[in-house]
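See below for the structure under consideration.
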Amino acid sequence: MSTDRLRNPRLRGRFRRFSGLIVIGLALGLISGIYALATPGRGGTPAAAAPDDVTQGQRLYNQSCISCHGRNLQGVPSQGPTLIGVGGAAVDFQVTTGRMPAPYQGAQVPRRKPLFDDEQARQLAAYVQSIGGGPDIPTGSLADGDLARGGRLFRLNCASCHNFVGEGGPLSSGKYAPALSKATPTQTYEAMLSGPESMPVFGDNQLTPQEKLDIISYVESLKKERDPGGFAIGRVGPVPEGLVIWLVGIGLVLIATLWIGVKA
Ligand code: HEC
Ligand code: HEC
């Protein structure tokens, strides 16, 4: 636009209003851009499977696990137990819940942000499975459980430690059963198969595979009931939720400010 035309007061007014809209558009674009960057990619295509999971798993094991579990999974006295026969399910559970690699010696290792991604957990599991066997990572759909039966089985087998609504609770000598709200169906299945820490193993003689699915459907239903209201934002967790509120809030304030500025 030439300066001549901008000297025309009517056109200049229109241009000012127009540029205000551009600024709002840019602000919105920036906000959604930041949000897209800050939101972890979910779904999408999984990483291409490594040519040899066992070899990859062994490499990761030698880097991160060998000091406590030994060169041949035999365990290291006063560092870590043997992993022979614990199976891929135990490894996948421990690694995807961030418990392993343990950050320190001693007390019960809490659930943490995992150090390895799901693909690496699977590779570590494949390696341990290849040496000692044991219950492997469950495959197939875990969504075919019977809710009512699952509720009864949960009260019978799990509620004594995890409480009736899966909130968890203290056990003896400073240990605790954690809340079940963060466990995925796969992790819940694996916990039953492997019995982490002071949790008993629920082999297929204690709970048939179908009964495990029933229990999973009950554990999943508890999560839905405890939705605290408002938009769930895909249950991505408190930090991104805070970010959403922050960005949307700041965005709205920004837009309101610009709007007032344009009108004035
Ligand atoms: C600092 C020492 C340490 C490191 C490093 C470590 N672990 Fe462990 N691990 C332990 C201890 C101690 C336990 C037993 C306590 C527990 O289960 O919470 C354990 C338990 C386990 C179990 C459960 C065994 C069972 O009987 O169910 C698995 C599986 C496991 N570790 C896998 C791994 C893997 C895989 C890595 C590497 C990514 C790793 N650990 C790194 C100390 C360690
Ligand atoms: C004797 C007490 C006890 C019983 C009974 C028990 N658990 Fe556990 N459970 C535990 C403990 C302790 C842990 C924590 C293990 C750790 O920190 O390594 C745990 C962990 C879990 C986890 C992992 C939670 C997370 O977020 O990482 C799930 C899932 C789970 N249990 C499900 C079950 C189900 C399902 C049953 C019934 C079939 C059951 N538990 C029965 C004590 C128990």
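So you can find residues: chains in the structure tokens are A, B, ... in the order shown, residues in each start at 1, and ligands are numbered from 1 in order.
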
- Find the residues near ligand 2. Use a cut-off of 8 Å, count only C-alpha atoms and all ligand atoms, and write them as a ChimeraX atom specification. /A:93-94,97,99,108-111,153-154,156-162,171,175-185,187-192,195-200,202,207,212,215-216,219

- Let me have all residues with an atom within 7 Å of ligand 1, counting only C-alpha atoms and all ligand atoms, laid out as a ChimeraX atom specification. /A:60-61,64-65,67-69,79-81,83,86,90-91,94-95,100-106,108-109,124,194-197

- Query: What separation in Å, quoted to one decimal, exists between atom CA of A:Phe164 and atom CA of A:Arg112?
  - Reply: 23.9 Å

- Take atom CA of A:Trp246 and atom CA of A:Val262 and report the distance between them in Å, one decimal.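 Interatomic distance, atom CA of A:Trp246 to atom CA of A:Val262: 23.9 Å.
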
- Message: Can you tell me which residues surround A:Asp146 at a distance of at most 10 Å, considering only C-alpha atoms, apart from same-chain residues fewer than 5 positions away, and format the answer as a list in words?
- Response: Gly151, Gln210, Glu211, Lys212, Leu213, Asp214, Ile215, Ile216, Ser217 and Tyr218 of chain A

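Using only C-alpha atoms, the nearest neighbour of A:Gly134 within the list A:Gly261, A:Ile84, A:Ala256, A:Glu225 is A:Ile84.
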
- Please provide the set of residues having any atom within 10 Å of A:Ile131, restricted to only C-alpha atoms, with same-chain residues fewer than 5 positions apart removed, written as a list in words.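 In the requested format, the answer is Val54, Asn72, Leu73, Leu83, Ile84, Gly85, Gly87 and Ala126 of chain A.
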
- Task: Check stretch 105-241 of chain A with DSSP on the backbone and list each residue it calls alpha helix (DSSP H), as a PyMOL selection string.
- Result: chain A and resi 118-132+147-157+159-162+185-194+209-225+238-241

- Message: Give me, as a PyMOL selection string, all polymer residues having an atom no more than 7 Å from A:Ala125, counting only C-alpha atoms and skipping those fewer than 2 positions away in the same chain.
- Response: chain A and resi 88+91-92+121-123+127-129

Residues from the last selection, all heavy atoms, saved as a PDB file, in the first residue's frame:
ATOM      1  N   GLY A  88       9.537 -61.659  29.846  1.00  0.00           N
ATOM      2  CA  GLY A  88       9.412 -60.350  29.197  1.00  0.00           C
ATOM      3  C   GLY A  88       8.362 -59.473  29.859  1.00  0.00           C
ATOM      4  O   GLY A  88       8.491 -58.241  29.870  1.00  0.00           O
ATOM      5  N   VAL A  91       9.876 -57.475  32.691  1.00  0.00           N
ATOM      6  CA  VAL A  91      10.776 -56.441  32.197  1.00  0.00           C
ATOM      7  C   VAL A  91       9.977 -55.282  31.609  1.00  0.00           C
ATOM      8  O   VAL A  91      10.224 -54.112  31.921  1.00  0.00           O
ATOM      9  CB  VAL A  91      11.744 -57.022  31.150  1.00  0.00           C
ATOM     10  CG1 VAL A  91      12.603 -55.916  30.539  1.00  0.00           C
ATOM     11  CG2 VAL A  91      12.619 -58.103  31.773  1.00  0.00           C
ATOM     12  N   ASP A  92       9.007 -55.604  30.765  1.00  0.00           N
ATOM     13  CA  ASP A  92       8.203 -54.551  30.145  1.00  0.00           C
ATOM     14  C   ASP A  92       7.487 -53.733  31.222  1.00  0.00           C
ATOM     15  O   ASP A  92       7.445 -52.503  31.154  1.00  0.00           O
ATOM     16  CB  ASP A  92       7.193 -55.173  29.178  1.00  0.00           C
ATOM     17  CG  ASP A  92       6.537 -54.126  28.285  1.00  0.00           C
ATOM     18  OD1 ASP A  92       7.283 -53.401  27.593  1.00  0.00           O
ATOM     19  OD2 ASP A  92       5.293 -54.013  28.298  1.00  0.00           O
ATOM     20  N   ALA A 121      11.754 -50.822  25.684  1.00  0.00           N
ATOM     21  CA  ALA A 121      11.283 -51.732  26.740  1.00  0.00           C
ATOM     22  C   ALA A 121      11.029 -53.115  26.147  1.00  0.00           C
ATOM     23  O   ALA A 121      11.373 -54.144  26.731  1.00  0.00           O
ATOM     24  CB  ALA A 121      10.015 -51.179  27.389  1.00  0.00           C
ATOM     25  N   ARG A 122      10.429 -53.121  24.945  1.00  0.00           N
ATOM     26  CA  ARG A 122      10.128 -54.381  24.271  1.00  0.00           C
ATOM     27  C   ARG A 122      11.426 -55.114  23.916  1.00  0.00           C
ATOM     28  O   ARG A 122      11.503 -56.334  23.986  1.00  0.00           O
ATOM     29  CB  ARG A 122       9.320 -54.092  23.003  1.00  0.00           C
ATOM     30  CG  ARG A 122       8.160 -55.040  22.756  1.00  0.00           C
ATOM     31  CD  ARG A 122       7.291 -54.570  21.601  1.00  0.00           C
ATOM     32  NE  ARG A 122       8.024 -54.002  20.484  1.00  0.00           N
ATOM     33  CZ  ARG A 122       8.797 -54.687  19.651  1.00  0.00           C
ATOM     34  NH1 ARG A 122       8.925 -55.982  19.786  1.00  0.00           N
ATOM     35  NH2 ARG A 122       9.423 -54.081  18.667  1.00  0.00           N
ATOM     36  N   GLN A 123      12.444 -54.348  23.510  1.00  0.00           N
ATOM     37  CA  GLN A 123      13.720 -54.978  23.160  1.00  0.00           C
ATOM     38  C   GLN A 123      14.393 -55.570  24.392  1.00  0.00           C
ATOM     39  O   GLN A 123      14.906 -56.691  24.350  1.00  0.00           O
ATOM     40  CB  GLN A 123      14.625 -53.937  22.482  1.00  0.00           C
ATOM     41  CG  GLN A 123      14.107 -53.509  21.113  1.00  0.00           C
ATOM     42  CD  GLN A 123      14.791 -52.271  20.583  1.00  0.00           C
ATOM     43  OE1 GLN A 123      15.376 -51.490  21.334  1.00  0.00           O
ATOM     44  NE2 GLN A 123      14.707 -52.064  19.271  1.00  0.00           N
ATOM     45  N   TYR A 127      15.222 -59.573  25.060  1.00  0.00           N
ATOM     46  CA  TYR A 127      16.528 -60.112  25.460  1.00  0.00           C
ATOM     47  C   TYR A 127      16.395 -61.007  26.693  1.00  0.00           C
ATOM     48  O   TYR A 127      16.873 -62.145  26.698  1.00  0.00           O
ATOM     49  CB  TYR A 127      17.510 -58.964  25.715  1.00  0.00           C
ATOM     50  CG  TYR A 127      18.808 -59.427  26.324  1.00  0.00           C
ATOM     51  CD1 TYR A 127      19.629 -60.332  25.654  1.00  0.00           C
ATOM     52  CD2 TYR A 127      19.215 -58.981  27.582  1.00  0.00           C
ATOM     53  CE1 TYR A 127      20.814 -60.779  26.219  1.00  0.00           C
ATOM     54  CE2 TYR A 127      20.393 -59.409  28.152  1.00  0.00           C
ATOM     55  CZ  TYR A 127      21.187 -60.319  27.474  1.00  0.00           C
ATOM     56  OH  TYR A 127      22.349 -60.764  28.028  1.00  0.00           O
ATOM     57  N   VAL A 128      15.730 -60.493  27.738  1.00  0.00           N
ATOM     58  CA  VAL A 128      15.591 -61.278  28.971  1.00  0.00           C
ATOM     59  C   VAL A 128      14.782 -62.552  28.700  1.00  0.00           C
ATOM     60  O   VAL A 128      15.114 -63.635  29.185  1.00  0.00           O
ATOM     61  CB  VAL A 128      14.933 -60.421  30.082  1.00  0.00           C
ATOM     62  CG1 VAL A 128      14.590 -61.260  31.300  1.00  0.00           C
ATOM     63  CG2 VAL A 128      15.864 -59.281  30.473  1.00  0.00           C
ATOM     64  N   GLN A 129      13.754 -62.414  27.889  1.00  0.00           N
ATOM     65  CA  GLN A 129      12.925 -63.574  27.534  1.00  0.00           C
ATOM     66  C   GLN A 129      13.760 -64.627  26.808  1.00  0.00           C
ATOM     67  O   GLN A 129      13.610 -65.822  27.029  1.00  0.00           O
ATOM     68  CB  GLN A 129      11.765 -63.102  26.643  1.00  0.00           C
ATOM     69  CG  GLN A 129      10.772 -64.177  26.247  1.00  0.00           C
ATOM     70  CD  GLN A 129       9.773 -64.472  27.359  1.00  0.00           C
ATOM     71  OE1 GLN A 129       9.433 -63.594  28.139  1.00  0.00           O
ATOM     72  NE2 GLN A 129       9.320 -65.712  27.449  1.00  0.00           N
TER      73      GLN A 129
END

- Message: as a list of chain:residue names, please: every residue in stretch 59-216 of chain A that a backbone DSSP assignment puts in strand (DSSP E).
- Response: A:Gly169, A:Pro170, A:Tyr176, A:Ala177
